[in-house]
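Chemist: Input file: structure21.cif. Contents: mmCIF, C-alpha atoms, pLDDT in the B column; chains and numbers go by the auth columns.
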data_start
loop_
_atom_site.group_PDB
_atom_site.id
_atom_site.type_symbol
_atom_site.label_atom_id
_atom_site.label_comp_id
_atom_site.label_asym_id
_atom_site.label_seq_id
_atom_site.Cartn_x
_atom_site.Cartn_y
_atom_site.Cartn_z
_atom_site.B_iso_or_equiv
_atom_site.auth_seq_id
_atom_site.auth_asym_id
ATOM 1 C CA MET A 1 7.791 -121.070 -9.475 81.00 1 W
ATOM 2 C CA PRO A 2 6.814 -120.324 -5.886 85.00 2 W
ATOM 3 C CA PRO A 3 7.210 -123.041 -3.270 90.00 3 W
ATOM 4 C CA PRO A 4 4.178 -124.989 -2.103 89.00 4 W
ATOM 5 C CA PRO A 5 2.167 -123.525 0.803 90.00 5 W
ATOM 6 C CA GLY A 6 4.166 -123.763 4.010 88.00 6 W
ATOM 7 C CA GLY A 7 7.447 -123.874 2.125 93.00 7 W
ATOM 8 C CA ILE A 8 10.180 -121.344 1.449 95.00 8 W
ATOM 9 C CA LYS A 9 12.151 -120.904 -1.744 95.00 9 W
ATOM 10 C CA CYS A 10 15.549 -119.310 -1.522 95.00 10 W
ATOM 11 C CA ASN A 11 17.422 -117.980 -4.537 95.00 11 W
ATOM 12 C CA ILE A 12 21.136 -117.587 -3.932 96.00 12 W
ATOM 13 C CA ASP A 13 24.063 -116.258 -5.929 96.00 13 W
ATOM 14 C CA GLY A 14 27.724 -115.607 -5.281 96.00 14 W
ATOM 15 C CA ALA A 15 30.188 -113.121 -6.734 96.00 15 W
ATOM 16 C CA PHE A 16 33.958 -113.604 -6.595 97.00 16 W
ATOM 17 C CA ASP A 17 36.844 -111.650 -8.119 96.00 17 W
ATOM 18 C CA ASP A 18 39.870 -113.908 -8.724 95.00 18 W
ATOM 19 C CA ILE A 19 42.333 -110.992 -8.612 95.00 19 W
ATOM 20 C CA SER A 20 41.175 -108.983 -5.604 96.00 20 W
ATOM 21 C CA VAL A 21 39.465 -111.940 -3.850 95.00 21 W
ATOM 22 C CA ASP A 22 36.551 -109.590 -3.163 97.00 22 W
ATOM 23 C CA ASN A 23 33.385 -111.622 -2.805 97.00 23 W
ATOM 24 C CA GLY A 24 29.760 -111.438 -1.931 97.00 24 W
ATOM 25 C CA VAL A 25 26.772 -113.704 -1.536 98.00 25 W
ATOM 26 C CA GLY A 26 23.189 -112.646 -1.938 97.00 26 W
ATOM 27 C CA TYR A 27 20.040 -114.518 -1.156 97.00 27 W
ATOM 28 C CA VAL A 28 16.340 -113.882 -0.981 95.00 28 W
ATOM 29 C CA MET A 29 13.764 -116.087 0.747 95.00 29 W
ATOM 30 C CA ARG A 30 10.207 -116.135 -0.576 93.00 30 W
ATOM 31 C CA ASP A 31 7.026 -117.761 0.607 91.00 31 W
ATOM 32 C CA PHE A 32 4.314 -119.424 -1.530 90.00 32 W
ATOM 33 C CA SER A 33 2.883 -116.011 -2.483 88.00 33 W
ATOM 34 C CA SER A 34 6.333 -115.005 -3.841 85.00 34 W
ATOM 35 C CA LYS A 35 6.640 -112.363 -1.093 86.00 35 W
ATOM 36 C CA ALA A 36 10.253 -111.723 -0.083 89.00 36 W
ATOM 37 C CA SER A 37 10.450 -112.630 3.604 90.00 37 W
ATOM 38 C CA TYR A 38 14.199 -112.225 4.143 94.00 38 W
ATOM 39 C CA CYS A 39 17.177 -110.883 2.172 95.00 39 W
ATOM 40 C CA ALA A 40 20.897 -110.923 2.830 97.00 40 W
ATOM 41 C CA SER A 41 24.137 -109.697 1.299 97.00 41 W
ATOM 42 C CA ILE A 42 27.149 -111.324 2.932 98.00 42 W
ATOM 43 C CA VAL A 43 30.922 -111.083 2.606 98.00 43 W
ATOM 44 C CA PHE A 44 33.008 -114.111 3.620 96.00 44 W
ATOM 45 C CA ASP A 45 36.702 -114.822 4.105 95.00 45 W
ATOM 46 C CA VAL A 46 37.068 -117.232 1.166 94.00 46 W
ATOM 47 C CA ASP A 47 39.576 -118.094 -1.558 92.00 47 W
ATOM 48 C CA SER A 48 37.443 -119.198 -4.517 93.00 48 W
ATOM 49 C CA ALA A 49 34.153 -118.777 -6.322 93.00 49 W
ATOM 50 C CA LYS A 50 33.172 -122.329 -5.347 91.00 50 W
ATOM 51 C CA GLU A 51 33.809 -121.625 -1.672 93.00 51 W
ATOM 52 C CA THR A 52 31.815 -118.379 -1.948 95.00 52 W
ATOM 53 C CA GLU A 53 28.779 -120.203 -3.353 94.00 53 W
ATOM 54 C CA ALA A 54 29.094 -123.013 -0.784 93.00 54 W
ATOM 55 C CA ARG A 55 29.314 -120.511 2.101 95.00 55 W
ATOM 56 C CA GLY A 56 26.200 -118.807 0.763 96.00 56 W
ATOM 57 C CA ILE A 57 24.199 -122.032 0.785 95.00 57 W
ATOM 58 C CA TRP A 58 25.547 -122.732 4.279 95.00 58 W
ATOM 59 C CA ALA A 59 24.342 -119.260 5.415 96.00 59 W
ATOM 60 C CA VAL A 60 20.877 -119.883 3.983 96.00 60 W
ATOM 61 C CA LEU A 61 20.540 -123.198 5.762 96.00 61 W
ATOM 62 C CA GLU A 62 21.826 -121.724 9.007 95.00 62 W
ATOM 63 C CA LYS A 63 19.074 -119.073 8.769 95.00 63 W
ATOM 64 C CA VAL A 64 16.439 -121.683 7.920 95.00 64 W
ATOM 65 C CA VAL A 65 17.362 -123.749 10.983 94.00 65 W
ATOM 66 C CA GLU A 66 17.494 -120.610 13.159 94.00 66 W
ATOM 67 C CA GLN A 67 13.988 -119.631 12.016 93.00 67 W
ATOM 68 C CA LYS A 68 12.742 -123.192 12.611 94.00 68 W
ATOM 69 C CA LEU A 69 11.569 -123.587 9.020 94.00 69 W
ATOM 70 C CA SER A 70 11.067 -127.126 7.791 94.00 70 W
ATOM 71 C CA HIS A 71 10.494 -127.104 4.018 95.00 71 W
ATOM 72 C CA ILE A 72 12.932 -125.300 1.729 96.00 72 W
ATOM 73 C CA ILE A 73 13.916 -125.195 -1.902 96.00 73 W
ATOM 74 C CA ILE A 74 17.372 -123.760 -2.570 95.00 74 W
ATOM 75 C CA GLU A 75 17.915 -122.498 -6.109 95.00 75 W
ATOM 76 C CA SER A 76 21.358 -121.562 -7.406 95.00 76 W
ATOM 77 C CA ASP A 77 23.184 -121.231 -10.704 94.00 77 W
ATOM 78 C CA ALA A 78 26.210 -123.098 -9.236 93.00 78 W
ATOM 79 C CA LYS A 79 25.342 -126.374 -10.993 93.00 79 W
ATOM 80 C CA ASP A 80 28.334 -128.391 -9.765 89.00 80 W
ATOM 81 C CA LEU A 81 27.592 -127.529 -6.129 88.00 81 W
ATOM 82 C CA ILE A 82 23.870 -128.171 -6.479 90.00 82 W
ATOM 83 C CA ASP A 83 24.632 -131.567 -8.017 88.00 83 W
ATOM 84 C CA GLN A 84 27.056 -132.377 -5.172 84.00 84 W
ATOM 85 C CA PHE A 85 24.624 -131.301 -2.442 82.00 85 W
ATOM 86 C CA SER A 86 21.748 -133.181 -4.062 79.00 86 W
ATOM 87 C CA VAL A 87 23.608 -136.499 -3.784 79.00 87 W
ATOM 88 C CA GLY A 88 25.637 -135.699 -0.644 72.00 88 W
ATOM 89 C CA MET A 89 28.913 -136.109 -2.525 71.00 89 W
ATOM 90 C CA PHE A 90 32.172 -134.755 -1.112 68.00 90 W
ATOM 91 C CA ASN A 91 35.163 -134.321 -3.373 70.00 91 W
ATOM 92 C CA GLY A 92 38.047 -134.194 -0.894 70.00 92 W
ATOM 93 C CA ASP A 93 38.562 -130.430 -1.202 75.00 93 W
ATOM 94 C CA PRO A 94 39.533 -129.171 2.275 75.00 94 W
ATOM 95 C CA SER A 95 38.264 -125.651 1.493 72.00 95 W
ATOM 96 C CA THR A 96 34.706 -126.897 0.948 78.00 96 W
ATOM 97 C CA ASP A 97 34.302 -130.326 2.574 81.00 97 W
ATOM 98 C CA THR A 98 33.776 -128.868 6.066 86.00 98 W
ATOM 99 C CA ILE A 99 31.144 -126.533 4.641 89.00 99 W
ATOM 100 C CA PHE A 100 29.555 -129.489 2.793 89.00 100 W
ATOM 101 C CA LYS A 101 29.338 -131.468 6.025 88.00 101 W
ATOM 102 C CA ASP A 102 27.626 -128.552 7.773 91.00 102 W
ATOM 103 C CA ILE A 103 25.227 -128.198 4.837 91.00 103 W
ATOM 104 C CA GLN A 104 24.467 -131.911 5.015 89.00 104 W
ATOM 105 C CA LEU A 105 23.849 -131.635 8.777 91.00 105 W
ATOM 106 C CA PHE A 106 21.572 -128.592 8.411 93.00 106 W
ATOM 107 C CA SER A 107 19.615 -130.061 5.502 92.00 107 W
ATOM 108 C CA SER A 108 19.146 -133.435 7.229 91.00 108 W
ATOM 109 C CA SER A 109 17.454 -131.676 10.156 93.00 109 W
ATOM 110 C CA LEU A 110 14.693 -130.367 7.854 94.00 110 W
ATOM 111 C CA VAL A 111 11.552 -132.192 6.772 95.00 111 W
ATOM 112 C CA ALA A 112 12.299 -131.316 3.136 94.00 112 W
ATOM 113 C CA CYS A 113 15.329 -129.662 1.561 94.00 113 W
ATOM 114 C CA VAL A 114 15.589 -129.595 -2.213 94.00 114 W
ATOM 115 C CA PHE A 115 18.634 -128.271 -4.060 94.00 115 W
ATOM 116 C CA SER A 116 17.755 -127.062 -7.539 93.00 116 W
ATOM 117 C CA PHE A 117 19.878 -125.659 -10.354 94.00 117 W
ATOM 118 C CA GLN A 118 18.402 -122.588 -12.001 91.00 118 W
ATOM 119 C CA PRO A 119 20.108 -120.348 -14.561 85.00 119 W
ATOM 120 C CA ARG A 120 21.167 -116.886 -13.384 80.00 120 W
ATOM 121 C CA ILE A 121 18.220 -115.274 -15.164 78.00 121 W
ATOM 122 C CA CYS A 122 16.019 -116.915 -12.500 80.00 122 W
ATOM 123 C CA ASP A 123 17.848 -115.318 -9.573 83.00 123 W
ATOM 124 C CA SER A 124 18.364 -111.684 -10.495 91.00 124 W
ATOM 125 C CA VAL A 125 17.543 -110.498 -6.955 93.00 125 W
ATOM 126 C CA ALA A 126 20.184 -112.767 -5.412 95.00 126 W
ATOM 127 C CA HIS A 127 22.643 -111.677 -8.100 95.00 127 W
ATOM 128 C CA GLU A 128 22.088 -107.992 -7.293 95.00 128 W
ATOM 129 C CA LEU A 129 22.526 -108.670 -3.569 96.00 129 W
ATOM 130 C CA ALA A 130 25.775 -110.580 -4.211 97.00 130 W
ATOM 131 C CA GLN A 131 27.097 -107.779 -6.414 96.00 131 W
ATOM 132 C CA TRP A 132 26.220 -105.224 -3.729 96.00 132 W
ATOM 133 C CA ALA A 133 28.128 -107.182 -1.048 97.00 133 W
ATOM 134 C CA GLU A 134 31.182 -107.605 -3.294 97.00 134 W
ATOM 135 C CA LYS A 135 31.234 -103.939 -4.336 97.00 135 W
ATOM 136 C CA ASN A 136 30.632 -102.533 -0.845 96.00 136 W
ATOM 137 C CA LYS A 137 32.716 -105.150 1.017 96.00 137 W
ATOM 138 C CA SER A 138 29.921 -105.207 3.549 96.00 138 W
ATOM 139 C CA SER A 139 27.102 -107.435 4.754 96.00 139 W
ATOM 140 C CA MET A 140 23.454 -106.554 5.336 95.00 140 W
ATOM 141 C CA TYR A 141 20.469 -108.586 6.478 95.00 141 W
ATOM 142 C CA GLY A 142 16.784 -107.889 6.792 91.00 142 W
ATOM 143 C CA SER A 143 13.208 -109.005 6.596 90.00 143 W
ATOM 144 C CA VAL A 144 12.460 -105.857 4.621 85.00 144 W
ATOM 145 C CA PRO A 145 14.395 -105.616 1.348 86.00 145 W
ATOM 146 C CA PRO A 146 16.349 -102.403 0.709 88.00 146 W
ATOM 147 C CA ILE A 147 14.359 -99.844 -1.264 89.00 147 W
ATOM 148 C CA TRP A 148 16.757 -99.948 -4.236 90.00 148 W
ATOM 149 C CA LEU A 149 15.999 -103.661 -4.628 89.00 149 W
ATOM 150 C CA MET A 150 12.197 -103.350 -4.762 87.00 150 W
ATOM 151 C CA PRO A 151 11.854 -102.898 -8.554 86.00 151 W
ATOM 152 C CA ILE A 152 13.961 -106.032 -9.130 85.00 152 W
ATOM 153 C CA ILE A 153 11.990 -108.045 -6.567 83.00 153 W
ATOM 154 C CA GLU A 154 8.679 -106.976 -8.084 79.00 154 W
ATOM 155 C CA GLY A 155 9.855 -107.958 -11.572 73.00 155 W
ATOM 156 C CA ASP A 156 11.323 -111.308 -10.460 69.00 156 W
ATOM 157 C CA HIS A 157 9.234 -114.222 -9.217 53.00 157 W
#
Can you turn what I pasted into structure tokens?

Modeler:
Amino acid sequence: MPPPPGGIKCNIDGAFDDISVDNGVGYVMRDFSSKASYCASIVFDVDSAKETEARGIWAVLEKVVEQKLSHIIIESDAKDLIDQFSVGMFNGDPSTDTIFKDIQLFSSSLVACVFSFQPRICDSVAHELAQWAEKNKSSMYGSVPPIWLMPIIEGDH
């Protein structure tokens, strides 16, 4: 479902390899017409899949604040994190609590910030971007999606 007019929906996914510790986060922002307005593939210095997903949500919110957006829906398949962010719950994990506090700070500065669990099938674009970052060990950002991603974006709403 697209966000309401004036809002942005962001699908996010993380990829993490427990053995190599290679990781990647991908996200795509869309407006109410489902047009992709910003995409990113990011590599972080992290130690777990949970930290990868949390850093990805942090990166999205940092971008939202930077762009002075006010209404956002963040969709992710990381159910435990989405549940924690939705209620502002910290679990005493030093690897993620600092990130959680930043996420709470960013989200509280917005008019509306909704965290929503969605199964992976609903975020295939973000999944592809995360896989690309993990495989290439590189980050990329842009308001125009890479050409190889266009068929996936057009097939995913």

Chemist: So, counting all atoms listed in the file, which residue among W:Ile72, W:Lys135, W:Ile152, W:Gly88 is closest to W:Val21?

Modeler: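 Smallest distance to W:Val21 is found for W:Lys135.
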
Chemist: Counting only C-alpha atoms, which of W:Glu134, W:Asp97, W:Glu75, W:Asp80 gets nearest to W:Asp22?

Modeler: W:Glu134

Chemist: Between atom CA of W:His71 and atom CA of W:Glu51, what is the spacing in Å?

Modeler: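 These atoms are spaced 24.6 Å apart.
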
Chemist: Please provide the set of residues having any atom within 9 Å of W:Thr52, restricted to only C-alpha atoms, with same-chain residues fewer than 6 positions apart removed, written as a PyMOL selection string.

Modeler: chain W and resi 13-16+23-25+43-46

Chemist: Would you pick out the contacts of W:Met150 at 12 Å or less, using only C-alpha atoms, so that residues sharing its chain but fewer than 6 positions from it are not included, and give the list as a ChimeraX atom specification?

Modeler: /W:28,35-36,39,124-125,128-129,144,156

Chemist: Applied to this file, what does the PyMOL selection byres ((chain W and resi 82) around 12) return in terms of residues, put as a count of residues only?

Modeler: 32

Chemist: Return the single residue from W:Ile8, W:Cys122, W:Ile153, W:Ala133 that is closest to W:Gly56, with distances computed using only C-alpha atoms.

Modeler: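 Checking each candidate against W:Gly56, we get W:Ala133 as the closest.
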
Chemist: What is the atom CA of W:Glu66-atom CA of W:Ser37 distance in Å, reported with one decimal?

Modeler: 14.3 Å

Chemist: First collect every listed atom of stretch 4-9 of chain W; then fit an axis-aligned box around them, widen it by 6 Å on each side, and give centre and edge lengths in Å to one decimal, as AutoDock Vina command-line options.

Modeler:
--center_x 7.2 --center_y -122.9 --center_z 1.0 --size_x 22.0 --size_y 16.1 --size_z 18.1

Chemist: One number please: atom CA of W:Ser33 to atom CA of W:Ala112, in Å, one decimal.

Modeler: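 Between atom CA of W:Ser33 and atom CA of W:Ala112 the gap works out to 18.8 Å.
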
Chemist: Out of W:Glu62, W:Asp18, W:Asp31, W:Asp47, which residue has the shortest atom-to-atom distance to W:Leu110 when counting all atoms listed in the file?

Modeler: W:Glu62

Chemist: Rank nothing, just name the residue among W:Ile19, W:Met1, W:Cys10, W:Ile121 nearest to W:Ala59, using all atoms listed in the file.

Modeler: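 Checking each candidate against W:Ala59, we get W:Cys10 as the closest.
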
Chemist: So that I can check the surroundings of W:Asp102, please list as JSON, numbers by chain every protein, DNA and RNA residue that reaches within 8 Å of it, counting all atoms listed in the file and ignoring chain neighbours fewer than 4 positions away.

Modeler: {"W": [58, 98, 106]}

Chemist: For each of W:Ser143, W:Ser34, W:Ser95, W:Ser70, take the minimum atom-to-atom distance to W:Ser107, counting all atoms listed in the file, then give the residue where this is smallest.

Modeler: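 Using all atoms listed in the file, W:Ser107 sits closest to W:Ser70.
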